[in-house]
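Peer 1: Okay, so here is input_4.cif, and as you'll see once you scroll down, it has mmCIF, C-alpha atoms, pLDDT in the B column; chains and numbers go by the auth columns.
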data_start
loop_
_atom_site.group_PDB
_atom_site.id
_atom_site.type_symbol
_atom_site.label_atom_id
_atom_site.label_comp_id
_atom_site.label_asym_id
_atom_site.label_seq_id
_atom_site.Cartn_x
_atom_site.Cartn_y
_atom_site.Cartn_z
_atom_site.B_iso_or_equiv
_atom_site.auth_seq_id
_atom_site.auth_asym_id
ATOM 1 C CA MET A 1 75.808 -119.723 -148.856 43.00 1 A
ATOM 2 C CA SER A 2 78.811 -117.767 -147.662 44.00 2 A
ATOM 3 C CA ALA A 3 81.922 -119.363 -146.156 44.00 3 A
ATOM 4 C CA ALA A 4 81.245 -117.622 -142.825 44.00 4 A
ATOM 5 C CA SER A 5 77.697 -118.956 -142.809 42.00 5 A
ATOM 6 C CA MET A 6 78.898 -122.496 -143.530 43.00 6 A
ATOM 7 C CA SER A 7 81.428 -122.115 -140.725 43.00 7 A
ATOM 8 C CA ASN A 8 78.746 -121.091 -138.215 46.00 8 A
ATOM 9 C CA MET A 9 76.454 -123.887 -139.332 46.00 9 A
ATOM 10 C CA SER A 10 79.279 -126.420 -139.138 44.00 10 A
ATOM 11 C CA ILE A 11 79.524 -125.617 -135.437 41.00 11 A
ATOM 12 C CA ILE A 12 76.046 -127.080 -135.060 44.00 12 A
ATOM 13 C CA SER A 13 76.908 -130.267 -136.932 43.00 13 A
ATOM 14 C CA ILE A 14 80.180 -130.716 -135.060 38.00 14 A
ATOM 15 C CA SER A 15 78.876 -129.912 -131.597 41.00 15 A
ATOM 16 C CA MET A 16 75.758 -132.076 -131.776 46.00 16 A
ATOM 17 C CA PRO A 17 76.403 -135.787 -131.867 48.00 17 A
ATOM 18 C CA ILE A 18 74.933 -137.444 -134.915 46.00 18 A
ATOM 19 C CA TYR A 19 72.249 -139.663 -133.494 48.00 19 A
ATOM 20 C CA PRO A 20 70.801 -142.515 -135.505 46.00 20 A
ATOM 21 C CA TYR A 21 67.179 -142.346 -136.570 47.00 21 A
ATOM 22 C CA PRO A 22 67.149 -138.535 -136.476 50.00 22 A
ATOM 23 C CA TYR A 23 63.546 -138.138 -137.601 47.00 23 A
ATOM 24 C CA LEU A 24 62.206 -140.376 -134.831 45.00 24 A
ATOM 25 C CA SER A 25 64.284 -138.311 -132.441 50.00 25 A
ATOM 26 C CA ILE A 26 62.621 -135.089 -133.603 47.00 26 A
ATOM 27 C CA TYR A 27 59.215 -136.271 -132.503 46.00 27 A
ATOM 28 C CA LEU A 28 60.515 -137.501 -129.175 44.00 28 A
ATOM 29 C CA HIS A 29 62.235 -134.256 -128.290 52.00 29 A
ATOM 30 C CA ILE A 30 59.996 -132.114 -126.193 60.00 30 A
ATOM 31 C CA TYR A 31 62.238 -129.164 -125.638 62.00 31 A
ATOM 32 C CA LEU A 32 59.422 -126.665 -125.746 64.00 32 A
ATOM 33 C CA TYR A 33 58.082 -128.201 -122.537 70.00 33 A
ATOM 34 C CA ILE A 34 61.549 -128.432 -121.041 76.00 34 A
ATOM 35 C CA CYS A 35 62.443 -124.833 -121.961 76.00 35 A
ATOM 36 C CA SER A 36 59.075 -123.429 -120.926 80.00 36 A
ATOM 37 C CA THR A 37 59.011 -125.119 -117.560 83.00 37 A
ATOM 38 C CA ALA A 38 62.664 -124.268 -116.903 86.00 38 A
ATOM 39 C CA PHE A 39 61.903 -120.617 -117.611 87.00 39 A
ATOM 40 C CA ILE A 40 58.900 -120.729 -115.255 86.00 40 A
ATOM 41 C CA MET A 41 61.015 -122.229 -112.475 87.00 41 A
ATOM 42 C CA VAL A 42 63.822 -119.702 -112.993 88.00 42 A
ATOM 43 C CA ALA A 43 61.309 -116.825 -113.152 87.00 43 A
ATOM 44 C CA HIS A 44 60.282 -117.705 -109.588 85.00 44 A
ATOM 45 C CA MET A 45 63.762 -116.776 -108.355 86.00 45 A
ATOM 46 C CA ASP A 46 64.378 -113.406 -106.740 84.00 46 A
ATOM 47 C CA ASP A 47 65.171 -110.441 -108.965 85.00 47 A
ATOM 48 C CA TRP A 48 68.203 -108.188 -108.646 89.00 48 A
ATOM 49 C CA VAL A 49 68.145 -104.413 -108.621 87.00 49 A
ATOM 50 C CA VAL A 50 71.135 -102.613 -110.092 89.00 50 A
ATOM 51 C CA ASN A 51 71.001 -98.810 -110.382 89.00 51 A
ATOM 52 C CA GLY A 52 67.224 -98.892 -110.253 88.00 52 A
ATOM 53 C CA PHE A 53 66.991 -101.524 -113.015 87.00 53 A
ATOM 54 C CA THR A 54 65.270 -104.743 -111.944 89.00 54 A
ATOM 55 C CA PHE A 55 66.127 -107.990 -113.682 91.00 55 A
ATOM 56 C CA GLY A 56 66.292 -111.662 -112.844 92.00 56 A
ATOM 57 C CA LEU A 57 68.104 -114.811 -113.815 92.00 57 A
ATOM 58 C CA VAL A 58 65.288 -115.598 -116.247 92.00 58 A
ATOM 59 C CA ASP A 59 66.003 -112.333 -118.089 94.00 59 A
ATOM 60 C CA VAL A 60 69.740 -112.996 -118.277 94.00 60 A
ATOM 61 C CA THR A 61 69.129 -116.591 -119.411 93.00 61 A
ATOM 62 C CA ALA A 62 66.705 -115.551 -122.154 94.00 62 A
ATOM 63 C CA LEU A 63 69.074 -112.835 -123.347 95.00 63 A
ATOM 64 C CA CYS A 64 71.974 -115.315 -123.554 94.00 64 A
ATOM 65 C CA TYR A 65 69.874 -117.753 -125.605 93.00 65 A
ATOM 66 C CA VAL A 66 68.631 -115.042 -127.960 94.00 66 A
ATOM 67 C CA ILE A 67 72.104 -113.614 -128.602 95.00 67 A
ATOM 68 C CA TYR A 68 73.609 -117.082 -129.057 93.00 68 A
ATOM 69 C CA TYR A 69 70.937 -118.234 -131.514 93.00 69 A
ATOM 70 C CA LEU A 70 71.094 -115.000 -133.503 93.00 70 A
ATOM 71 C CA CYS A 71 74.887 -115.272 -133.787 92.00 71 A
ATOM 72 C CA ILE A 72 75.312 -118.964 -134.572 88.00 72 A
ATOM 73 C CA GLU A 73 72.771 -119.330 -137.355 83.00 73 A
ATOM 74 C CA GLN A 74 73.614 -116.517 -139.758 80.00 74 A
ATOM 75 C CA PRO A 75 72.315 -115.419 -142.216 81.00 75 A
ATOM 76 C CA GLY A 76 69.529 -117.956 -141.850 86.00 76 A
ATOM 77 C CA ILE A 77 66.123 -117.791 -140.252 91.00 77 A
ATOM 78 C CA ALA A 78 66.368 -120.704 -137.799 91.00 78 A
ATOM 79 C CA GLY A 79 68.296 -118.571 -135.282 92.00 79 A
ATOM 80 C CA PRO A 80 65.733 -115.761 -135.299 94.00 80 A
ATOM 81 C CA ILE A 81 62.876 -118.290 -135.085 92.00 81 A
ATOM 82 C CA ALA A 82 64.555 -120.038 -132.143 90.00 82 A
ATOM 83 C CA SER A 83 65.140 -116.619 -130.558 93.00 83 A
ATOM 84 C CA MET A 84 61.453 -115.781 -130.926 94.00 84 A
ATOM 85 C CA MET A 85 60.522 -119.110 -129.341 90.00 85 A
ATOM 86 C CA ILE A 86 62.839 -118.400 -126.405 91.00 86 A
ATOM 87 C CA THR A 87 61.401 -114.887 -126.103 94.00 87 A
ATOM 88 C CA GLY A 88 57.920 -116.444 -126.009 92.00 88 A
ATOM 89 C CA CYS A 89 59.004 -118.835 -123.241 89.00 89 A
ATOM 90 C CA TRP A 90 60.520 -115.908 -121.317 92.00 90 A
ATOM 91 C CA TYR A 91 57.413 -113.734 -121.734 92.00 91 A
ATOM 92 C CA GLY A 92 55.029 -116.546 -120.857 89.00 92 A
ATOM 93 C CA ALA A 93 57.049 -117.566 -117.810 90.00 93 A
ATOM 94 C CA ASN A 94 57.067 -114.011 -116.482 90.00 94 A
ATOM 95 C CA LYS A 95 53.317 -113.640 -117.069 90.00 95 A
ATOM 96 C CA ILE A 96 52.581 -116.941 -115.332 88.00 96 A
ATOM 97 C CA VAL A 97 54.685 -115.942 -112.338 88.00 97 A
ATOM 98 C CA GLU A 98 53.014 -112.483 -112.253 87.00 98 A
ATOM 99 C CA MET A 99 49.591 -114.177 -112.035 86.00 99 A
ATOM 100 C CA ASN A 100 50.826 -115.708 -108.768 80.00 100 A
ATOM 101 C CA MET A 101 48.791 -118.861 -109.306 77.00 101 A
ATOM 102 C CA GLU A 102 48.910 -121.461 -106.594 80.00 102 A
ATOM 103 C CA ASN A 103 51.244 -124.408 -107.256 84.00 103 A
ATOM 104 C CA THR A 104 52.723 -122.920 -110.450 86.00 104 A
ATOM 105 C CA MET A 105 56.219 -123.937 -109.385 86.00 105 A
ATOM 106 C CA ASN A 106 55.112 -127.471 -108.497 86.00 106 A
ATOM 107 C CA ILE A 107 53.243 -127.919 -111.779 86.00 107 A
ATOM 108 C CA ALA A 108 56.199 -126.572 -113.792 86.00 108 A
ATOM 109 C CA ALA A 109 58.614 -128.851 -111.914 88.00 109 A
ATOM 110 C CA GLY A 110 56.333 -131.858 -112.477 88.00 110 A
ATOM 111 C CA VAL A 111 55.983 -131.202 -116.220 84.00 111 A
ATOM 112 C CA HIS A 112 59.740 -130.570 -116.435 84.00 112 A
ATOM 113 C CA ILE A 113 60.542 -133.911 -114.800 87.00 113 A
ATOM 114 C CA VAL A 114 58.033 -135.803 -116.972 85.00 114 A
ATOM 115 C CA ALA A 115 59.490 -134.133 -120.098 80.00 115 A
ATOM 116 C CA TRP A 116 63.014 -135.215 -119.161 81.00 116 A
ATOM 117 C CA LEU A 117 61.812 -138.751 -118.402 83.00 117 A
ATOM 118 C CA ALA A 118 60.175 -138.852 -121.840 79.00 118 A
ATOM 119 C CA GLN A 119 63.475 -137.646 -123.307 76.00 119 A
ATOM 120 C CA PHE A 120 65.403 -140.472 -121.611 79.00 120 A
ATOM 121 C CA TYR A 121 62.744 -142.999 -122.644 80.00 121 A
ATOM 122 C CA GLY A 122 62.827 -141.906 -126.286 75.00 122 A
ATOM 123 C CA HIS A 123 66.584 -142.004 -126.520 73.00 123 A
ATOM 124 C CA GLY A 124 67.027 -145.195 -124.518 75.00 124 A
ATOM 125 C CA VAL A 125 64.222 -147.298 -125.971 76.00 125 A
ATOM 126 C CA HIS A 126 64.000 -146.011 -129.549 71.00 126 A
ATOM 127 C CA GLU A 127 67.599 -144.953 -130.202 68.00 127 A
ATOM 128 C CA GLY A 128 69.483 -147.234 -127.856 71.00 128 A
ATOM 129 C CA ARG A 129 71.622 -144.485 -126.363 69.00 129 A
ATOM 130 C CA SER A 130 71.573 -141.729 -123.793 68.00 130 A
ATOM 131 C CA PRO A 131 70.403 -138.196 -124.588 69.00 131 A
ATOM 132 C CA ALA A 132 72.877 -135.413 -125.284 66.00 132 A
ATOM 133 C CA LEU A 133 72.581 -134.277 -121.671 69.00 133 A
ATOM 134 C CA LEU A 134 74.893 -137.101 -120.625 71.00 134 A
ATOM 135 C CA ASP A 135 77.364 -136.435 -123.451 72.00 135 A
ATOM 136 C CA ASN A 136 77.688 -132.678 -123.132 77.00 136 A
ATOM 137 C CA LEU A 137 75.681 -130.440 -120.814 80.00 137 A
ATOM 138 C CA PHE A 138 76.253 -127.309 -122.938 80.00 138 A
ATOM 139 C CA GLN A 139 74.892 -128.897 -126.101 76.00 139 A
ATOM 140 C CA ALA A 140 71.920 -130.347 -124.238 76.00 140 A
ATOM 141 C CA ILE A 141 70.977 -126.987 -122.779 80.00 141 A
ATOM 142 C CA PHE A 142 71.900 -124.551 -125.563 81.00 142 A
ATOM 143 C CA MET A 143 72.332 -126.467 -128.833 82.00 143 A
ATOM 144 C CA ALA A 144 69.616 -129.108 -128.684 78.00 144 A
ATOM 145 C CA PRO A 145 66.620 -126.762 -129.023 80.00 145 A
ATOM 146 C CA LEU A 146 68.163 -125.165 -132.145 83.00 146 A
ATOM 147 C CA PHE A 147 69.232 -128.590 -133.433 80.00 147 A
ATOM 148 C CA VAL A 148 65.672 -129.936 -133.152 78.00 148 A
ATOM 149 C CA LEU A 149 64.221 -126.820 -134.807 83.00 149 A
ATOM 150 C CA MET A 150 66.690 -127.127 -137.688 83.00 150 A
ATOM 151 C CA GLU A 151 65.904 -130.829 -138.128 79.00 151 A
ATOM 152 C CA VAL A 152 62.233 -129.915 -138.532 81.00 152 A
ATOM 153 C CA MET A 153 63.142 -127.101 -140.945 86.00 153 A
ATOM 154 C CA PHE A 154 65.375 -129.471 -142.953 85.00 154 A
ATOM 155 C CA ARG A 155 62.278 -131.638 -143.493 81.00 155 A
ATOM 156 C CA PHE A 156 60.746 -128.648 -145.294 86.00 156 A
ATOM 157 C CA GLY A 157 63.795 -127.998 -147.471 88.00 157 A
ATOM 158 C CA TYR A 158 65.591 -125.411 -145.338 90.00 158 A
ATOM 159 C CA ARG A 159 69.304 -125.034 -146.147 89.00 159 A
ATOM 160 C CA GLN A 160 69.452 -128.022 -148.494 89.00 160 A
ATOM 161 C CA GLU A 161 73.068 -127.245 -149.391 90.00 161 A
ATOM 162 C CA PHE A 162 74.145 -127.443 -145.759 86.00 162 A
ATOM 163 C CA GLN A 163 72.070 -130.552 -145.096 86.00 163 A
ATOM 164 C CA ASN A 164 73.557 -132.231 -148.181 89.00 164 A
ATOM 165 C CA SER A 165 77.073 -131.319 -147.040 89.00 165 A
ATOM 166 C CA ILE A 166 76.647 -133.042 -143.658 83.00 166 A
ATOM 167 C CA GLN A 167 74.540 -136.003 -144.860 83.00 167 A
ATOM 168 C CA PRO A 168 77.586 -138.221 -145.561 89.00 168 A
ATOM 169 C CA GLN A 169 78.711 -137.744 -141.931 88.00 169 A
ATOM 170 C CA ILE A 170 75.222 -138.606 -140.708 78.00 170 A
ATOM 171 C CA ASP A 171 75.035 -141.714 -142.911 82.00 171 A
ATOM 172 C CA GLU A 172 78.462 -142.834 -141.709 86.00 172 A
ATOM 173 C CA ALA A 173 77.516 -142.323 -138.055 78.00 173 A
ATOM 174 C CA ILE A 174 74.255 -144.244 -138.483 74.00 174 A
ATOM 175 C CA LEU A 175 76.087 -147.139 -140.149 82.00 175 A
ATOM 176 C CA LYS A 176 78.687 -147.153 -137.366 82.00 176 A
ATOM 177 C CA PHE A 177 75.962 -147.110 -134.714 73.00 177 A
ATOM 178 C CA LYS A 178 74.068 -149.973 -136.360 74.00 178 A
ATOM 179 C CA THR A 179 77.264 -152.006 -136.726 81.00 179 A
ATOM 180 C CA GLU A 180 78.195 -151.459 -133.067 75.00 180 A
ATOM 181 C CA SER A 181 74.626 -152.261 -131.967 68.00 181 A
ATOM 182 C CA GLN A 182 74.668 -155.537 -133.913 71.00 182 A
ATOM 183 C CA LYS A 183 77.997 -156.499 -132.326 74.00 183 A
ATOM 184 C CA LYS A 184 76.504 -155.939 -128.850 69.00 184 A
ATOM 185 C CA VAL A 185 73.532 -158.157 -129.661 63.00 185 A
ATOM 186 C CA LYS A 186 75.710 -161.072 -130.769 62.00 186 A
#
Could you write out this file's structure as structure tokens?
Peer 2:
Amino acid sequence: MSAASMSNMSIISISMPIYPYPYLSIYLHIYLYICSTAFIMVAHMDDWVVNGFTFGLVDVTALCYVIYYLCIEQPGIAGPIASMMITGCWYGANKIVEMNMENTMNIAAGVHIVAWLAQFYGHGVHEGRSPALLDNLFQAIFMAPLFVLMEVMFRFGYRQEFQNSIQPQIDEAILKFKTESQKKVK
């Protein structure tokens, strides 16, 4: 792995807080629902026309995600996979809005709210802390979907060298969290 690649990947490990019980957290994260429903809600917004080119906030948002994920995770495959997932959310959201189904916005908003409630439940009950949204809005919106994808990929052996390089930090953070949690209980 190149030094530049390690540098880009280190951004992920530094910017995302190291939560205890990371594998439980993976299964509780439901970012696909959150991203999909957010894209559907944003796709309902009015489009802009500039020099005959029509685009909307959903297009700009998807483009920002795709560029960011392609740049931050180089030369790996997690960034392109995350970019494809975002592109799928963007495409699906636009198609759903084009179908002009009744109550699409209400259903998307309802699923979005339930997904966030599940997120808060999982973090609060099973991890004993708040989700990243309350720590850093940027990482909750942009980094968390890539973080969750990479955690899943790590389970299958992706970028073992990088995972091994950050594991001591993760172990230290988990120990610190457990120690602080035990002090609160006493």
Peer 1: On this structure, the PyMOL selection byres ((chain A and resi 92) around 12) would catch which residues? List them as number ranges by chain, sorted by chain and number.
Peer 2: A: 35-41, 43, 58, 62, 84-91, 93-99
Peer 1: Output the residue selection produced by the PyMOL selection byres ((chain A and resi 115) around 8) on the file above, formatted as a list in words.
Peer 2: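 Against this file, the PyMOL selection byres ((chain A and resi 115) around 8) returns the residues Ile30, Tyr31, Tyr33, Ile34, Val111, His112, Ile113, Val114, Trp116, Leu117, Ala118 and Gln119 of chain A.
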Peer 1: Applied to this file, what does the PyMOL selection byres ((chain A and resi 159) around 12) return in terms of residues, put as a ChimeraX atom specification?
Peer 2: /A:1,5-6,9,73-78,150-158,160-166
Peer 1: Take the selection from the previous step and output its residues with C-alpha atoms, as a CSV table (one decimal), in the coordinates of the input.
Peer 2:
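As a result, selection-v1.csv now contains:
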chain,number,residue,atom,x,y,z
A,1,MET,CA,75.8,-119.7,-148.9
A,5,SER,CA,77.7,-119.0,-142.8
A,6,MET,CA,78.9,-122.5,-143.5
A,9,MET,CA,76.5,-123.9,-139.3
A,73,GLU,CA,72.8,-119.3,-137.4
A,74,GLN,CA,73.6,-116.5,-139.8
A,75,PRO,CA,72.3,-115.4,-142.2
A,76,GLY,CA,69.5,-118.0,-141.8
A,77,ILE,CA,66.1,-117.8,-140.3
A,78,ALA,CA,66.4,-120.7,-137.8
A,150,MET,CA,66.7,-127.1,-137.7
A,151,GLU,CA,65.9,-130.8,-138.1
A,152,VAL,CA,62.2,-129.9,-138.5
A,153,MET,CA,63.1,-127.1,-140.9
A,154,PHE,CA,65.4,-129.5,-143.0
A,155,ARG,CA,62.3,-131.6,-143.5
A,156,PHE,CA,60.7,-128.6,-145.3
A,157,GLY,CA,63.8,-128.0,-147.5
A,158,TYR,CA,65.6,-125.4,-145.3
A,160,GLN,CA,69.5,-128.0,-148.5
A,161,GLU,CA,73.1,-127.2,-149.4
A,162,PHE,CA,74.1,-127.4,-145.8
A,163,GLN,CA,72.1,-130.6,-145.1
A,164,ASN,CA,73.6,-132.2,-148.2
A,165,SER,CA,77.1,-131.3,-147.0
A,166,ILE,CA,76.6,-133.0,-143.7
Peer 1: Just how far from CA of Leu137 (chain A) is CA of Leu63 (chain A), in Å to one decimal?
Peer 2: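 Answer for the CA of Leu63 (chain A) to CA of Leu137 (chain A) separation: 19.0 Å.
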Peer 1: Using Å and a single decimal, report how far CA of Asp47 (chain A) sits from CA of Asn100 (chain A).
Peer 2: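 Separation of CA of Asn100 (chain A) and CA of Asp47 (chain A): 15.3 Å.
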Peer 1: Between A:Cys64, A:Ile170, A:Met105, A:Leu175, which is the closest to Ile141 (chain A) once you count only C-alpha atoms?
Peer 2: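 Result for the nearest residue to Ile141 (chain A): A:Cys64.
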Peer 1: Could you check how far CA of Asp46 (chain A) sits from CA of Ile67 (chain A), in Å to one decimal?
Peer 2: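 Those two atoms sit 23.2 Å apart.
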Peer 1: Counting all atoms listed in the file, which residue out of A:Val125, A:Ala82, A:Val42, A:Ala109 sits closest to Leu149 (chain A)?
Peer 2: A:Ala82
